[in-house]
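Next up, start00.cif (mmCIF, C-alpha atoms and all ligand atoms):
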```
data_final
#
loop_
_atom_site.label_atom_id
_atom_site.label_comp_id
_atom_site.auth_asym_id
_atom_site.auth_seq_id
_atom_site.Cartn_x
_atom_site.Cartn_y
_atom_site.Cartn_z
CA MET V 14 -115.26 -69.61 69.43
CA SER V 15 -118.12 -72.00 69.96
CA ASP V 16 -115.96 -74.75 71.41
CA ARG V 17 -114.61 -72.50 74.11
CA LEU V 18 -114.81 -74.03 77.57
CA ILE V 19 -115.96 -72.29 80.73
CA GLU V 20 -113.70 -71.82 83.74
CA SER V 21 -114.54 -74.17 86.62
CA ALA V 22 -116.29 -72.39 89.46
CA SER V 23 -114.23 -71.65 92.54
CA GLN V 24 -115.30 -72.86 95.96
CA THR V 25 -113.98 -71.85 99.34
CA ALA V 26 -110.77 -73.51 100.51
CA GLY V 27 -112.59 -74.10 103.79
CA PRO V 28 -111.12 -74.27 107.29
CA TYR V 29 -109.05 -77.37 106.57
CA VAL V 30 -107.06 -76.11 103.57
CA HIS V 31 -103.88 -76.99 105.48
CA ILE V 32 -104.54 -80.71 105.11
CA GLY V 33 -104.11 -80.50 101.36
CA CYS V 34 -101.68 -77.62 100.99
CA LEU V 35 -99.64 -77.52 104.22
CA PRO V 36 -100.08 -81.01 105.68
CA SER V 37 -97.00 -80.91 107.91
CA TRP V 38 -98.27 -77.65 109.41
CA ALA V 39 -101.53 -79.52 110.09
CA GLY V 40 -99.62 -82.29 111.83
CA ILE V 41 -99.95 -84.81 109.01
CA ASP V 42 -96.46 -86.17 108.62
CA GLY V 43 -95.12 -89.02 106.61
CA ILE V 44 -96.94 -88.45 103.33
CA TYR V 45 -94.82 -85.62 101.86
CA PRO V 46 -91.25 -84.90 102.95
CA GLU V 47 -92.08 -81.23 103.56
CA ASP V 48 -94.70 -78.60 102.89
CA LEU V 49 -94.45 -76.82 99.54
CA GLY V 50 -93.60 -73.15 99.41
CA ALA V 51 -91.41 -72.95 102.52
CA THR V 52 -88.35 -71.77 100.61
CA ILE V 53 -88.80 -68.74 98.39
CA ALA V 54 -85.14 -67.78 98.17
CA GLY V 55 -82.43 -70.40 98.49
CA PRO V 56 -79.22 -69.77 100.44
CA GLY V 57 -77.41 -68.52 97.35
CA ALA V 58 -80.12 -66.18 96.11
CA ARG V 59 -78.96 -62.65 95.32
CA GLY V 60 -80.58 -59.63 96.91
CA GLU V 61 -81.50 -58.10 100.23
CA ARG V 62 -83.01 -60.59 102.68
CA ILE V 63 -86.33 -59.48 104.09
CA THR V 64 -89.20 -60.88 106.09
CA LEU V 65 -92.73 -60.01 105.02
CA LYS V 66 -95.37 -60.58 107.63
CA GLY V 67 -98.81 -59.41 108.56
CA ARG V 68 -102.31 -60.31 109.51
CA ILE V 69 -105.57 -60.53 107.58
CA PHE V 70 -108.47 -58.84 109.35
CA ASP V 71 -112.14 -59.58 108.83
CA GLY V 72 -114.94 -57.02 108.99
CA ALA V 73 -115.13 -57.33 112.77
CA GLY V 74 -111.42 -56.59 113.15
CA GLU V 75 -110.53 -60.18 114.02
CA PRO V 76 -107.44 -61.68 112.39
CA LEU V 77 -108.04 -64.76 110.26
CA ARG V 78 -106.41 -67.73 111.95
CA ASP V 79 -107.40 -70.37 109.42
CA SER V 80 -106.35 -68.88 106.08
CA MET V 81 -103.58 -69.57 103.60
CA VAL V 82 -101.56 -67.04 101.66
CA GLU V 83 -99.47 -67.64 98.56
CA LEU V 84 -96.76 -65.27 97.38
CA TRP V 85 -95.36 -64.79 93.87
CA GLN V 86 -92.61 -62.35 93.09
CA ALA V 87 -89.68 -61.50 90.84
CA ASP V 88 -86.05 -61.96 91.87
CA ALA V 89 -83.67 -59.14 92.79
CA ALA V 90 -83.19 -58.37 89.10
CA GLY V 91 -86.93 -58.25 88.44
CA LEU V 92 -87.09 -61.64 86.66
CA TYR V 93 -89.64 -64.38 87.35
CA GLN V 94 -88.61 -68.01 87.88
CA SER V 95 -91.23 -69.24 85.43
CA PRO V 96 -91.54 -70.90 82.04
CA GLY V 97 -93.39 -67.75 80.95
CA GLU V 98 -90.46 -65.46 81.72
CA TYR V 99 -89.25 -64.23 78.31
CA ARG V 100 -86.80 -61.49 79.27
CA GLY V 101 -83.97 -63.62 80.62
CA ALA V 102 -83.03 -66.27 83.15
CA ALA V 103 -83.96 -65.69 86.78
CA ASP V 104 -81.56 -66.30 89.65
CA PRO V 105 -81.13 -70.10 89.75
CA ASP V 106 -81.31 -70.19 93.54
CA PHE V 107 -84.48 -68.13 93.67
CA ARG V 108 -87.90 -69.74 93.43
CA GLY V 109 -90.19 -66.76 93.94
CA TRP V 110 -93.20 -68.72 95.12
CA GLY V 111 -94.17 -69.23 98.73
CA ARG V 112 -97.07 -70.51 100.73
CA ALA V 113 -97.90 -69.83 104.38
CA ALA V 114 -100.69 -70.41 106.85
CA THR V 115 -101.81 -67.61 109.10
CA ASP V 116 -100.84 -68.60 112.64
CA ALA V 117 -103.58 -70.41 114.54
CA ASP V 118 -103.02 -68.17 117.60
CA THR V 119 -101.71 -64.82 116.36
CA GLY V 120 -103.09 -64.76 112.83
CA LEU V 121 -99.66 -63.78 111.49
CA TYR V 122 -98.42 -64.99 108.13
CA ARG V 123 -94.72 -64.80 107.44
CA PHE V 124 -92.52 -65.08 104.36
CA ASP V 125 -88.73 -65.05 104.40
CA THR V 126 -87.64 -63.83 100.99
CA ILE V 127 -85.60 -61.15 99.24
CA LEU V 128 -86.62 -57.67 98.21
CA PRO V 129 -87.77 -58.05 94.58
CA GLY V 130 -86.37 -55.87 91.85
CA ALA V 131 -88.43 -53.56 89.69
CA VAL V 132 -90.11 -55.38 86.80
CA ARG V 133 -89.55 -53.82 83.39
CA SER V 134 -91.92 -55.28 80.82
CA GLY V 135 -93.68 -53.92 77.77
CA GLY V 136 -91.93 -50.57 78.06
CA VAL V 137 -93.26 -50.04 81.58
CA THR V 138 -91.43 -50.21 84.90
CA HIS V 139 -93.30 -51.68 87.84
CA ALA V 140 -92.06 -50.79 91.30
CA PRO V 141 -90.82 -53.74 93.39
CA HIS V 142 -93.80 -55.69 94.71
CA VAL V 143 -95.01 -59.16 95.60
CA ALA V 144 -98.33 -60.65 94.53
CA LEU V 145 -100.37 -62.30 97.27
CA TRP V 146 -103.28 -64.69 96.89
CA ILE V 147 -105.54 -65.33 99.89
CA VAL V 148 -107.87 -68.28 100.40
CA ALA V 149 -109.86 -69.26 103.48
CA ARG V 150 -113.18 -70.32 104.91
CA GLY V 151 -115.66 -67.64 103.92
CA ILE V 152 -113.69 -66.58 100.83
CA ASN V 153 -115.47 -68.05 97.82
CA LEU V 154 -112.96 -66.88 95.22
CA GLY V 155 -109.28 -66.42 96.05
CA LEU V 156 -108.29 -62.78 96.55
CA HIS V 157 -105.39 -61.24 94.61
CA THR V 158 -103.56 -58.25 96.02
CA ARG V 159 -100.05 -56.77 95.90
CA ALA V 160 -97.65 -55.60 98.57
CA TYR V 161 -95.42 -52.69 97.54
CA PHE V 162 -92.65 -51.37 99.75
CA ALA V 163 -93.25 -47.97 101.36
CA GLY V 164 -90.54 -45.44 100.67
CA LEU V 165 -89.04 -46.96 97.54
CA PRO V 166 -88.49 -44.27 94.90
CA GLU V 167 -90.00 -46.41 92.14
CA ASN V 168 -93.42 -46.21 93.80
CA ALA V 169 -93.98 -42.64 92.63
CA ALA V 170 -94.22 -43.63 88.97
CA ASP V 171 -95.66 -47.12 89.35
CA PRO V 172 -98.48 -47.68 86.85
CA VAL V 173 -100.67 -49.44 89.41
CA LEU V 174 -100.10 -47.21 92.43
CA THR V 175 -100.90 -44.20 90.26
CA LEU V 176 -104.20 -45.58 88.92
CA PRO V 177 -106.85 -42.88 89.41
CA GLU V 178 -109.28 -45.38 90.92
CA LEU V 179 -106.77 -46.14 93.68
CA ALA V 180 -106.78 -42.56 94.90
CA GLY V 181 -107.06 -42.58 98.68
CA ARG V 182 -106.45 -46.34 98.87
CA VAL V 183 -102.77 -46.63 97.91
CA ASP V 184 -101.72 -46.95 101.55
CA THR V 185 -103.52 -50.29 101.71
CA LEU V 186 -100.95 -51.67 99.24
CA LEU V 187 -97.84 -50.49 101.10
CA ALA V 188 -95.81 -52.70 103.41
CA VAL V 189 -94.07 -50.74 106.16
CA ARG V 190 -90.45 -51.32 107.11
CA ASP V 191 -88.96 -52.00 110.52
CA GLY V 192 -85.36 -53.05 109.99
CA GLY V 193 -85.34 -56.16 107.81
CA THR V 194 -89.00 -56.85 108.43
CA TRP V 195 -91.83 -55.44 106.38
CA THR V 196 -95.37 -55.56 107.75
CA PHE V 197 -98.28 -55.83 105.39
CA ASP V 198 -101.68 -56.11 107.05
CA ILE V 199 -104.69 -56.91 104.92
CA HIS V 200 -108.23 -55.74 105.64
CA LEU V 201 -111.05 -57.64 103.99
CA GLN V 202 -113.71 -55.04 104.75
CA GLY V 203 -114.24 -51.56 106.18
CA GLY V 204 -112.70 -48.13 105.71
CA ARG V 205 -109.21 -49.56 105.33
CA GLU V 206 -110.26 -52.36 102.97
CA THR V 207 -107.25 -53.52 100.98
CA VAL V 208 -107.35 -53.13 97.22
CA PHE V 209 -108.02 -56.50 95.60
CA PHE V 210 -107.45 -57.04 91.91
CA ASP V 211 -109.21 -58.77 89.05
CA VAL V 212 -105.98 -59.96 87.45
CA MET W 3 -88.37 -76.11 75.61
CA ASP W 4 -90.42 -76.18 78.70
CA TRP W 5 -93.15 -74.11 77.15
CA PRO W 6 -95.07 -76.08 74.52
CA TYR W 7 -98.37 -75.46 76.23
CA TRP W 8 -99.43 -72.35 74.41
CA GLY W 9 -96.24 -71.93 72.48
CA ASP W 10 -98.03 -71.52 69.17
CA VAL W 11 -99.84 -68.41 70.32
CA MET W 12 -96.69 -66.64 71.46
CA SER W 13 -93.34 -65.93 69.93
CA ASP W 14 -90.24 -67.43 71.49
CA SER W 15 -89.20 -64.06 72.81
CA GLY W 16 -92.53 -62.50 73.60
CA PRO W 17 -94.54 -62.31 76.76
CA PRO W 18 -97.06 -65.00 77.68
CA PRO W 19 -100.51 -64.40 76.21
CA ARG W 20 -103.09 -62.42 78.06
CA LEU W 21 -105.93 -64.36 79.62
CA SER W 22 -109.56 -63.86 78.77
CA PRO W 23 -111.30 -61.60 81.23
CA ARG W 24 -112.74 -63.66 84.06
CA ASP W 25 -116.42 -64.51 83.61
CA PHE W 26 -117.81 -63.72 87.05
CA SER W 27 -121.29 -64.97 86.08
CA VAL W 28 -120.07 -68.54 86.62
CA GLN W 29 -118.17 -67.76 89.83
CA PRO W 30 -119.57 -67.53 93.34
CA ALA W 31 -120.31 -64.06 94.65
CA ALA W 32 -117.89 -62.94 97.35
CA LEU W 33 -120.80 -62.23 99.68
CA SER W 34 -123.37 -65.00 99.88
CA PRO W 35 -125.21 -64.32 103.16
CA ALA W 36 -126.55 -67.88 103.51
CA TYR W 37 -122.90 -68.91 103.85
CA ARG W 38 -122.34 -67.05 107.09
CA SER W 39 -118.55 -67.06 107.04
CA SER W 40 -118.63 -64.89 103.92
CA ARG W 41 -120.38 -62.04 105.69
CA LEU W 42 -117.29 -60.72 107.44
CA ARG W 43 -114.77 -61.98 104.90
CA ALA W 44 -116.18 -60.78 101.57
CA PRO W 45 -114.58 -57.57 100.29
CA GLU W 46 -117.18 -54.84 100.00
CA ARG W 47 -115.52 -52.86 97.24
CA LYS W 48 -115.23 -53.76 93.60
CA LEU W 49 -112.15 -55.59 92.42
CA VAL W 50 -109.79 -53.28 90.52
CA ALA W 51 -109.18 -54.59 87.00
CA LEU W 52 -105.48 -55.26 86.41
CA PRO W 53 -105.27 -57.42 83.29
CA GLY W 54 -102.22 -58.57 81.39
CA GLN W 55 -99.52 -58.07 84.03
CA LEU W 56 -96.43 -60.21 83.49
CA GLY W 57 -96.37 -61.15 87.17
CA ASP W 58 -99.84 -62.64 86.89
CA LEU W 59 -99.19 -64.38 83.54
CA THR W 60 -96.17 -66.18 84.98
CA GLY W 61 -96.25 -68.64 87.83
CA PRO W 62 -94.33 -71.41 89.54
CA ALA W 63 -93.70 -74.73 87.78
CA PHE W 64 -93.57 -78.10 89.50
CA GLY W 65 -91.74 -81.06 88.03
CA HIS W 66 -92.86 -84.63 87.59
CA ASP W 67 -90.34 -85.62 90.24
CA LEU W 68 -92.27 -83.72 92.91
CA PRO W 69 -94.91 -86.30 93.84
CA GLY W 70 -93.69 -89.37 95.67
CA ALA W 71 -94.73 -92.83 94.52
CA ALA W 72 -97.79 -92.97 96.82
CA ASP W 73 -98.82 -89.33 96.78
CA HIS W 74 -101.70 -90.10 94.40
CA ASP W 75 -102.99 -92.97 96.53
CA LEU W 76 -104.96 -91.70 99.53
CA ILE W 77 -106.07 -95.27 100.26
CA HIS W 78 -102.50 -96.18 101.20
CA ASN W 79 -100.35 -93.05 101.61
CA PHE W 80 -101.07 -92.71 105.34
CA ALA W 81 -101.88 -96.35 106.08
CA ALA W 82 -99.84 -98.79 108.12
CA ALA W 83 -98.00 -101.43 106.13
CA GLY W 84 -100.50 -103.89 104.76
CA ALA W 85 -103.48 -101.74 105.80
CA SER W 86 -105.71 -99.43 103.83
CA ALA W 87 -108.25 -96.68 104.44
CA LEU W 88 -111.85 -97.54 105.26
CA GLY W 89 -114.59 -96.67 102.82
CA PRO W 90 -115.75 -97.21 99.24
CA ARG W 91 -112.65 -97.34 97.04
CA ILE W 92 -112.68 -95.04 94.00
CA ILE W 93 -110.52 -93.69 91.21
CA VAL W 94 -111.02 -89.99 90.56
CA HIS W 95 -109.77 -88.93 87.17
CA GLY W 96 -110.22 -86.30 84.51
CA THR W 97 -108.52 -83.79 82.27
CA LEU W 98 -107.25 -80.33 83.10
CA ARG W 99 -107.85 -77.90 80.25
CA ASP W 100 -107.94 -74.17 79.77
CA GLU W 101 -110.83 -72.20 78.34
CA SER W 102 -109.42 -72.61 74.83
CA GLY W 103 -109.79 -76.38 75.22
CA ARG W 104 -106.07 -77.05 75.36
CA PRO W 105 -104.91 -79.64 77.86
CA VAL W 106 -102.73 -78.17 80.62
CA PRO W 107 -99.77 -80.53 81.11
CA ASP W 108 -97.28 -80.65 83.99
CA ALA W 109 -99.68 -78.92 86.37
CA LEU W 110 -99.82 -79.57 90.11
CA ILE W 111 -103.16 -80.70 91.52
CA GLU W 112 -103.48 -81.11 95.29
CA VAL W 113 -106.53 -82.72 96.91
CA TRP W 114 -107.81 -83.05 100.47
CA GLN W 115 -110.92 -84.53 101.99
CA ALA W 116 -112.69 -85.95 105.02
CA ASN W 117 -112.58 -89.69 105.66
CA ALA W 118 -115.45 -92.05 104.88
CA GLY W 119 -117.19 -90.99 108.11
CA GLY W 120 -117.00 -87.29 107.29
CA ARG W 121 -114.15 -86.46 109.69
CA TYR W 122 -111.06 -84.45 108.80
CA ARG W 123 -107.64 -85.13 110.26
CA HIS W 124 -107.40 -81.56 111.61
CA LYS W 125 -107.22 -80.21 115.15
CA ASN W 126 -110.18 -77.93 114.53
CA ASP W 127 -112.51 -80.75 113.44
CA ALA W 128 -114.33 -82.23 116.42
CA TYR W 129 -117.08 -84.14 114.58
CA LEU W 130 -118.36 -87.28 116.33
CA ALA W 131 -117.27 -89.56 113.51
CA PRO W 132 -113.91 -91.15 114.35
CA LEU W 133 -110.60 -90.64 112.63
CA ASP W 134 -109.47 -93.51 110.46
CA PRO W 135 -105.93 -94.36 111.60
CA ASN W 136 -105.12 -95.38 108.04
CA PHE W 137 -106.37 -92.24 106.32
CA GLY W 138 -104.50 -88.92 106.19
CA GLY W 139 -106.69 -87.15 103.67
CA CYS W 140 -104.30 -85.48 101.23
CA GLY W 141 -102.79 -86.34 97.88
CA ARG W 142 -101.20 -84.73 94.86
CA VAL W 143 -100.52 -85.41 91.20
CA ILE W 144 -98.92 -83.72 88.20
CA THR W 145 -100.98 -83.74 85.01
CA GLY W 146 -99.69 -85.71 82.05
CA ALA W 147 -98.86 -84.39 78.60
CA ASP W 148 -102.54 -84.70 77.68
CA GLY W 149 -103.68 -82.85 80.80
CA SER W 150 -104.95 -86.05 82.40
CA TYR W 151 -104.74 -86.86 86.08
CA SER W 152 -106.00 -89.58 88.37
CA PHE W 153 -105.80 -90.51 92.02
CA LEU W 154 -107.14 -93.21 94.31
CA THR W 155 -109.17 -92.53 97.41
CA VAL W 156 -112.28 -93.44 99.37
CA VAL W 157 -115.63 -91.69 99.05
CA PRO W 158 -115.67 -88.97 101.73
CA GLY W 159 -118.63 -88.82 104.07
CA PRO W 160 -121.03 -85.88 104.31
CA TYR W 161 -120.61 -83.91 107.52
CA PRO W 162 -122.47 -81.30 109.55
CA TRP W 163 -120.97 -77.85 109.90
CA PRO W 164 -121.71 -74.78 112.00
CA ASN W 165 -123.54 -72.30 109.82
CA GLY W 166 -126.36 -71.29 112.12
CA GLY W 167 -128.71 -74.13 111.33
CA ASN W 168 -128.81 -77.78 110.40
CA ASP W 169 -126.33 -77.66 107.54
CA TRP W 170 -124.59 -80.67 106.02
CA ARG W 171 -121.90 -80.57 103.38
CA PRO W 172 -122.44 -82.82 100.41
CA ALA W 173 -119.67 -85.39 100.07
CA HIS W 174 -116.82 -83.50 98.42
CA ILE W 175 -113.13 -83.48 97.61
CA HIS W 176 -111.21 -80.18 97.75
CA PHE W 177 -108.96 -79.40 94.75
CA SER W 178 -106.11 -76.88 94.50
CA VAL W 179 -105.00 -76.41 90.90
CA PHE W 180 -102.06 -74.57 89.31
CA GLY W 181 -101.85 -73.51 85.68
CA THR W 182 -98.85 -71.76 84.23
CA ALA W 183 -100.05 -68.29 85.26
CA PHE W 184 -100.61 -67.10 88.82
CA ALA W 185 -103.88 -65.60 87.55
CA GLN W 186 -105.10 -69.13 86.72
CA ARG W 187 -104.78 -70.29 90.32
CA LEU W 188 -107.92 -72.12 91.39
CA ILE W 189 -109.29 -73.79 94.49
CA THR W 190 -112.58 -75.63 94.15
CA GLN W 191 -114.53 -78.67 95.33
CA MET W 192 -115.70 -81.78 93.53
CA TYR W 193 -119.13 -83.20 94.31
CA PHE W 194 -120.64 -86.60 93.54
CA GLU W 195 -123.43 -87.21 91.06
CA GLY W 196 -126.78 -87.86 92.70
CA ASP W 197 -126.02 -86.37 96.13
CA PRO W 198 -129.18 -84.62 97.39
CA HIS W 199 -127.08 -82.41 99.68
CA ILE W 200 -125.64 -80.53 96.70
CA ALA W 201 -128.84 -78.60 96.12
CA LEU W 202 -129.16 -77.80 99.84
CA CYS W 203 -125.64 -76.52 100.46
CA PRO W 204 -125.10 -72.76 101.03
CA ILE W 205 -121.49 -73.04 99.89
CA VAL W 206 -122.52 -74.67 96.62
CA ASN W 207 -125.35 -72.21 96.20
CA ALA W 208 -122.95 -69.28 96.37
CA ILE W 209 -122.48 -70.20 92.70
CA PRO W 210 -125.27 -68.44 90.80
CA ASP W 211 -125.12 -70.65 87.71
CA LYS W 212 -126.71 -74.13 87.57
CA GLY W 213 -124.40 -75.27 84.79
CA ALA W 214 -121.35 -74.24 86.79
CA ILE W 215 -122.56 -76.34 89.74
CA ASP W 216 -123.20 -79.25 87.41
CA ARG W 217 -119.64 -79.01 86.11
CA LEU W 218 -118.34 -79.40 89.67
CA THR W 219 -120.31 -82.63 89.97
CA ALA W 220 -118.29 -85.74 89.11
CA ARG W 221 -119.97 -88.51 87.14
CA LEU W 222 -119.76 -92.22 87.79
CA ASP W 223 -117.54 -93.61 85.04
CA MET W 224 -118.15 -97.33 84.65
CA GLY W 225 -115.62 -97.46 81.81
CA ARG W 226 -112.77 -96.75 84.22
CA THR W 227 -114.12 -98.92 87.01
CA VAL W 228 -111.79 -101.75 88.02
CA PRO W 229 -113.96 -104.87 88.36
CA MET W 230 -114.06 -106.32 91.87
CA ASP W 231 -111.83 -103.48 93.10
CA MET W 232 -112.94 -99.86 92.72
CA ARG W 233 -115.43 -97.64 91.01
CA ALA W 234 -114.40 -94.54 89.05
CA TYR W 235 -115.60 -90.93 88.96
CA ARG W 236 -114.74 -88.46 86.23
CA PHE W 237 -114.08 -84.80 87.05
CA ASP W 238 -112.78 -82.45 84.36
CA ILE W 239 -111.36 -79.07 85.39
CA VAL W 240 -111.09 -75.89 83.33
CA LEU W 241 -108.69 -73.02 84.08
CA ARG W 242 -108.73 -69.59 82.54
CA GLY W 243 -107.09 -69.51 79.13
CA PRO W 244 -105.61 -67.18 76.54
CA ASP W 245 -107.85 -64.51 75.14
CA ALA W 246 -109.72 -65.90 72.13
CA THR W 247 -108.60 -62.98 69.98
CA MET W 248 -105.04 -64.17 70.38
CA PHE W 249 -105.78 -67.16 68.22
CA GLU W 250 -107.15 -65.03 65.42
CA ASN W 251 -104.33 -62.49 65.51
CA GLY W 252 -101.51 -64.81 66.44
CA THR W 253 -100.04 -62.13 68.63
CA GLY W 254 -100.55 -60.80 72.09
CA GLY W 255 -99.73 -57.24 71.00
FE FE V 301 -114.59 -79.85 103.22
#
```
What does the file become when written as structure tokens?
Ligand SMILES: [Fe+2]
Amino acid sequence: MSDRLIESASQTAGPYVHIGCLPSWAGIDGIYPEDLGATIAGPGARGERITLKGRIFDGAGEPLRDSMVELWQADAAGLYQSPGEYRGAADPDFRGWGRAATDADTGLYRFDTILPGAVRSGGVTHAPHVALWIVARGINLGLHTRAYFAGLPENAADPVLTLPELAGRVDTLLAVRDGGTWTFDIHLQGGRETVFFDV
Amino acid sequence: MDWPYWGDVMSDSGPPPRLSPRDFSVQPAALSPAYRSSRLRAPERKLVALPGQLGDLTGPAFGHDLPGAADHDLIHNFAAAGASALGPRIIVHGTLRDESGRPVPDALIEVWQANAGGRYRHKNDAYLAPLDPNFGGCGRVITGADGSYSFLTVVPGPYPWPNGGNDWRPAHIHFSVFGTAFAQRLITQMYFEGDPHIALCPIVNAIPDKGAIDRLTARLDMGRTVPMDMRAYRFDIVLRGPDATMFENGTGG
């Protein structure tokens, strides 16, 4: 189509992304009542409560301390809280979207959420997972990846985890459990580089 | 329904349409060595193609009741009563569309910027230029039914930044933009027509396409200028959109 437009070019979020996206975290109070994305699952949301946390390492092994991560996931029944969800109504007390800064000292990001359900769509079952989107100084185009949950039986037949081109790299997409906390570290470069997706 | 946006290319009970494959020729390379921060932060391996996943074609929605009354007004939203931010007063406005040309309504746009002296209100910014006590530096809007948005601010100052040499950012406003799909998520920067720093900037020059840089450059818009009050700049934004073949077939398959 000749009148098709062209996607705007991305530019880095820069080191001060918090001012625009997490202003209270940045110490700018009084403009918004609270930062967006703090509550992924409301108090009445169904499902198993979990914490997902981790660090994002650069090519020198240093954790990023100035980045922002966004999370998007299905509810415990595998439904998205989105106008585009066509399979049914998601849990009314579940939002499914979160936003977090990596800690300025430790580099840790942290999301308090619920374990998502498997997503059945188009005749395919996707193992429980969360989508993560990473922006920061030095990242020119936001990075999409997914955290799956190590040990869940659905992983064995997941259409993404079983992609031939992921052979030898699947571990980079698996969060590891310790009680109610799942750790998902992300490596931007090197032998353990996390799989990033062109979604 | 809450879903008029591309409702005519999907059935009421079908999945959202697939997006066109991303055109990386108009996007910055992950590694652009002149932008030193990218050297240790650019993935070295190819992205793995994962098109058409429901989780990426859905995304969070934000209502028109989200922004407060002054969220769109950076001149006043951090200022003391009766005061306002220092600097040249401007309206920034434009239309959010997708690649098919359709306006994207009800979409959240967040902006942040340095003050008129080029200083950010952030603990990691130690530039010599002073903070403006009446300028916070963030704002947000929800696009209208026609995809339009506008906000009020002051022209941000250029500033020096540590990149190994004598590097200065062109004056710019950061934009974070949501569509309806998580795969449409975009963060970018708006530049100002005529700024000689644009051509010198390693961050800008990570974009390999001259036209793409030009489209990030806002134009003075005298038609929207408020006489004796503020000038206007126009900045249109385009998100990824449904695959063109969807329009011909009328189905996402
Ligand atoms: Fe900036």
Discussion item. If the limit is 7 Å from any atom of ligand FE 301 (chain V), counting all atoms listed in the file, which residues qualify? Return them as a ChimeraX atom specification.
Written reply: /V:27,29 /W:115-116,174-176
Generate a file of the selected residues that holds C-alpha atoms, formatted as a PDB file, keeping the file's coordinate frame.
```pdb
ATOM      1  CA  GLY V  27    -112.590 -74.100 103.790  1.00  0.00           C
ATOM      2  CA  TYR V  29    -109.050 -77.370 106.570  1.00  0.00           C
TER       3      TYR V  29
ATOM      4  CA  GLN W 115    -110.920 -84.530 101.990  1.00  0.00           C
ATOM      5  CA  ALA W 116    -112.690 -85.950 105.020  1.00  0.00           C
ATOM      6  CA  HIS W 174    -116.820 -83.500  98.420  1.00  0.00           C
ATOM      7  CA  ILE W 175    -113.130 -83.480  97.610  1.00  0.00           C
ATOM      8  CA  HIS W 176    -111.210 -80.180  97.750  1.00  0.00           C
TER       9      HIS W 176
END
```
Taking (-100.1, -58.2, 95.3) in the file's coordinates, which residues come within 6 Å, counting only C-alpha atoms, written as a PDB file with C-alpha atoms, in the coordinates of the input?
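Output (point_17.pdb):
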```
ATOM      1  CA  VAL V 143     -95.010 -59.160  95.600  1.00  0.00           C
ATOM      2  CA  ALA V 144     -98.330 -60.650  94.530  1.00  0.00           C
ATOM      3  CA  LEU V 145    -100.370 -62.300  97.270  1.00  0.00           C
ATOM      4  CA  THR V 158    -103.560 -58.250  96.020  1.00  0.00           C
ATOM      5  CA  ARG V 159    -100.050 -56.770  95.900  1.00  0.00           C
ATOM      6  CA  ALA V 160     -97.650 -55.600  98.570  1.00  0.00           C
TER       7      ALA V 160
END
```
Practice prompt. Hey, list the chain V side of the contact with chain W: 8 Å cut-off, all atoms listed in the file, answer as a ChimeraX atom specification.
Written response: /V:14,16-26,29-30,32-34,36,39-41,43-45,71-73,85-87,93-100,108-110,134,144,150-155,178,201-203,206,208-212
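The nearest approach to Asn117 (chain W) among the residues W:Gly159, W:Gly84, W:Pro229, W:Pro164, with only C-alpha atoms taken into account, belongs to W:Gly159.
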Practice prompt. Provide the CA of Gly181 (chain V) to CA of Gly193 (chain V) distance in Å, to one decimal place.
Written response: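 Straight-line distance from CA of Gly181 (chain V) to CA of Gly193 (chain V) works out to 27.2 Å.
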Response to the item:
Correct to one decimal, the distance CA of Gly192 (chain V)-CA of Thr64 (chain V) is 9.6 Å
Extending 3 Å beyond the listed atoms of region 62-74 of chain V on each side, what axis-aligned box results? I want centre and edge lengths in Å to one decimal, as JSON.
```
{"center_x": -99.1, "center_y": -58.7, "center_z": 107.9, "size_x": 38.1, "size_y": 10.3, "size_z": 16.5}
```
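For the pair CA of Ala188 (chain V) and CA of Ala163 (chain V), the separation is 5.8 Å.
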Discussion item. Would you pick out the contacts of region 160-163 of chain W at 8 Å or less, using all atoms listed in the file, so that residues sharing its chain but fewer than 2 positions from it are not included, and give the list as a PyMOL selection string?
Written reply: chain W and resi 119-121+129+158+165+168-174
Excluding Ile147 (chain V) and its own-chain neighbours fewer than 2 positions away, which residues fall within 7 Å of it when counting only C-alpha atoms? Please give them as a PDB file with C-alpha atoms, in the coordinates of the input.
```pdb
ATOM      1  CA  MET V  81    -103.580 -69.570 103.600  1.00  0.00           C
ATOM      2  CA  VAL V  82    -101.560 -67.040 101.660  1.00  0.00           C
ATOM      3  CA  GLU V  83     -99.470 -67.640  98.560  1.00  0.00           C
ATOM      4  CA  LEU V 145    -100.370 -62.300  97.270  1.00  0.00           C
ATOM      5  CA  ALA V 149    -109.860 -69.260 103.480  1.00  0.00           C
ATOM      6  CA  GLY V 155    -109.280 -66.420  96.050  1.00  0.00           C
ATOM      7  CA  LEU V 156    -108.290 -62.780  96.550  1.00  0.00           C
ATOM      8  CA  HIS V 157    -105.390 -61.240  94.610  1.00  0.00           C
TER       9      HIS V 157
END
```
Worksheet item: Restricting the calculation to all atoms listed in the file, which member of V:Thr194, V:Thr185, V:Thr52, V:Thr119 is positioned closest to Thr207 (chain V)?
Response: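 Looking at the shortest contact to Thr207 (chain V), the residue is V:Thr185.
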Would you tabulate, counting only C-alpha atoms, all residues of region 128-201 of chain V that have an atom at most 10 Å from an atom of region 58-61 of chain V, showing the closest pair of atoms and their distance in Å to one decimal, sorted by chain then ascending number, as JSON lines?
```
{"residue": "V:Leu128", "atom": "CA", "partner": "V:Glu61", "partner_atom": "CA", "distance": 5.5}
{"residue": "V:Pro129", "atom": "CA", "partner": "V:Gly60", "partner_atom": "CA", "distance": 7.7}
{"residue": "V:Gly130", "atom": "CA", "partner": "V:Gly60", "partner_atom": "CA", "distance": 8.6}
{"residue": "V:Gly193", "atom": "CA", "partner": "V:Glu61", "partner_atom": "CA", "distance": 8.7}
```
